[in-house]
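Novice: Below are the structure tokens for one structure; questions will follow.
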Amino acid sequence: MTVIHSIVPANQIFPAEPPKTELVNLNGSFLEGIRSKDGLQISRVISTDPAMYLNEKYAPGQSYR
């Protein structure tokens, strides 16, 4: 059990409902992220291809359309 001592309200640290994630299939690999107005904001790459992890356009935080 972990105790967090913070001046920030608990509902800001632990939101009541986590954002919905989405998986996009990309040639046998997957991009996981949250849908926004700019496209899918990537949070994770799921792939067996090492080149996917080295490609900057699939880096976490990037938008994928």
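Numbering starts fresh at 1 for the residues of each chain in the structure tokens, the chains themselves are lettered A, B, ... in the order given, and ligands are numbered from 1 as they appear.
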Within 8 Å of Val45 of chain A, counting only C-alpha atoms, which residues qualify if same-chain residues fewer than 4 places away don't, as a VMD selection string?

Specialist: chain A and resid 29 to 32 52 to 53 58 to 60

Novice: Selected residues, N, CA, C and O atoms, written as a JSON list (two decimals), in the first residue's frame, please.

Specialist:
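Ended up saving to part.json:
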```json
[["chain", "number", "residue", "atom", "x", "y", "z"],
["A", 29, "SER", "N", 1.46, -4.14, -37.13],
["A", 29, "SER", "CA", 1.85, -3.52, -35.87],
["A", 29, "SER", "C", 0.66, -2.71, -35.38],
["A", 29, "SER", "O", -0.28, -2.46, -36.12],
["A", 30, "PHE", "N", 0.71, -2.29, -34.13],
["A", 30, "PHE", "CA", -0.39, -1.52, -33.57],
["A", 30, "PHE", "C", 0.13, -0.25, -32.92],
["A", 30, "PHE", "O", 1.20, -0.23, -32.34],
["A", 31, "LEU", "N", -0.67, 0.81, -33.06],
["A", 31, "LEU", "CA", -0.43, 2.06, -32.35],
["A", 31, "LEU", "C", -1.57, 2.23, -31.36],
["A", 31, "LEU", "O", -2.73, 2.12, -31.73],
["A", 32, "GLU", "N", -1.23, 2.47, -30.11],
["A", 32, "GLU", "CA", -2.25, 2.70, -29.09],
["A", 32, "GLU", "C", -2.21, 4.16, -28.71],
["A", 32, "GLU", "O", -1.13, 4.75, -28.59],
["A", 52, "MET", "N", 9.86, 0.09, -36.30],
["A", 52, "MET", "CA", 8.70, 0.88, -35.85],
["A", 52, "MET", "C", 9.07, 1.75, -34.65],
["A", 52, "MET", "O", 8.63, 2.88, -34.53],
["A", 53, "TYR", "N", 9.88, 1.20, -33.76],
["A", 53, "TYR", "CA", 10.27, 1.94, -32.55],
["A", 53, "TYR", "C", 11.27, 3.05, -32.86],
["A", 53, "TYR", "O", 11.36, 4.03, -32.12],
["A", 58, "TYR", "N", 6.18, 7.67, -35.26],
["A", 58, "TYR", "CA", 5.37, 6.81, -34.39],
["A", 58, "TYR", "C", 5.78, 6.93, -32.93],
["A", 58, "TYR", "O", 5.40, 6.11, -32.10],
["A", 59, "ALA", "N", 6.54, 7.94, -32.59],
["A", 59, "ALA", "CA", 7.00, 8.14, -31.21],
["A", 59, "ALA", "C", 5.83, 8.55, -30.32],
["A", 59, "ALA", "O", 4.90, 9.24, -30.76],
["A", 60, "PRO", "N", 5.83, 8.13, -29.05],
["A", 60, "PRO", "CA", 4.78, 8.56, -28.14],
["A", 60, "PRO", "C", 4.68, 10.09, -28.09],
["A", 60, "PRO", "O", 5.69, 10.79, -28.04]]
```

Novice: Considering only strand (DSSP E or B) as DSSP defines it on the backbone, what residues of chain A qualify? List them as a ChimeraX atom specification.

Specialist: /A:22-26,29-36,39-46,63-64

Novice: Can those selected residues be exported to a file as a tab-separated table (two decimals), in the first residue's frame so that it contains C-alpha atoms?

Specialist:
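Output contents, as saved in out-v7.tsv:
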```tsv
chain	number	residue	atom	x	y	z
A	22	GLU	CA	-7.83	3.06	-29.18
A	23	LEU	CA	-5.74	0.60	-31.19
A	24	VAL	CA	-4.90	1.23	-34.84
A	25	ASN	CA	-3.57	-1.62	-37.00
A	26	LEU	CA	-0.61	-0.50	-39.11
A	29	SER	CA	1.85	-3.52	-35.87
A	30	PHE	CA	-0.39	-1.52	-33.57
A	31	LEU	CA	-0.43	2.06	-32.35
A	32	GLU	CA	-2.25	2.70	-29.09
A	33	GLY	CA	-3.42	6.15	-28.18
A	34	ILE	CA	-6.20	8.59	-27.40
A	35	ARG	CA	-8.33	10.03	-30.20
A	36	SER	CA	-8.23	13.84	-30.44
A	39	GLY	CA	-5.90	12.38	-34.92
A	40	LEU	CA	-4.64	9.64	-32.64
A	41	GLN	CA	-2.19	10.87	-30.02
A	42	ILE	CA	0.20	7.93	-29.74
A	43	SER	CA	0.94	6.59	-26.29
A	44	ARG	CA	2.39	3.17	-27.18
A	45	VAL	CA	3.75	1.16	-30.10
A	46	ILE	CA	3.09	-2.59	-30.15
A	63	SER	CA	-0.29	12.53	-33.74
A	64	TYR	CA	-1.21	9.87	-36.29
```

Novice: So what do you get for atom CA of Val3 of chain A versus atom CA of Thr21 of chain A, distance-wise?

Specialist: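 These two atoms are separated by 27.7 Å.
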
Novice: Write down as a ChimeraX atom specification the residues of segment 20-56 of chain A whose backbone DSSP state falls under helix (DSSP H, G or I).

Specialist: /A:50-54,56

Novice: Save the residues we just selected, N, CA, C and O atoms, as a PDB file, in the first residue's frame?

Specialist:
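Final output, out00.pdb:
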```pdb
ATOM      1  N   PRO A  50      11.579  -3.840 -35.081  1.00  0.00           N
ATOM      2  CA  PRO A  50      12.360  -2.810 -34.395  1.00  0.00           C
ATOM      3  C   PRO A  50      12.337  -1.456 -35.105  1.00  0.00           C
ATOM      4  O   PRO A  50      12.465  -0.417 -34.463  1.00  0.00           O
ATOM      5  N   ALA A  51      12.158  -1.446 -36.418  1.00  0.00           N
ATOM      6  CA  ALA A  51      12.135  -0.181 -37.163  1.00  0.00           C
ATOM      7  C   ALA A  51      10.957   0.698 -36.747  1.00  0.00           C
ATOM      8  O   ALA A  51      11.040   1.924 -36.830  1.00  0.00           O
ATOM      9  N   MET A  52       9.862   0.094 -36.303  1.00  0.00           N
ATOM     10  CA  MET A  52       8.695   0.878 -35.855  1.00  0.00           C
ATOM     11  C   MET A  52       9.066   1.748 -34.649  1.00  0.00           C
ATOM     12  O   MET A  52       8.627   2.879 -34.531  1.00  0.00           O
ATOM     13  N   TYR A  53       9.880   1.198 -33.759  1.00  0.00           N
ATOM     14  CA  TYR A  53      10.268   1.942 -32.548  1.00  0.00           C
ATOM     15  C   TYR A  53      11.266   3.047 -32.862  1.00  0.00           C
ATOM     16  O   TYR A  53      11.358   4.029 -32.125  1.00  0.00           O
ATOM     17  N   LEU A  54      12.007   2.911 -33.943  1.00  0.00           N
ATOM     18  CA  LEU A  54      13.007   3.908 -34.314  1.00  0.00           C
ATOM     19  C   LEU A  54      12.449   5.014 -35.205  1.00  0.00           C
ATOM     20  O   LEU A  54      13.090   6.051 -35.377  1.00  0.00           O
ATOM     21  N   GLU A  56      10.521   8.154 -35.982  1.00  0.00           N
ATOM     22  CA  GLU A  56      10.091   9.288 -35.157  1.00  0.00           C
ATOM     23  C   GLU A  56       8.612   9.621 -35.304  1.00  0.00           C
ATOM     24  O   GLU A  56       8.005  10.160 -34.396  1.00  0.00           O
TER      25      GLU A  56
END
```
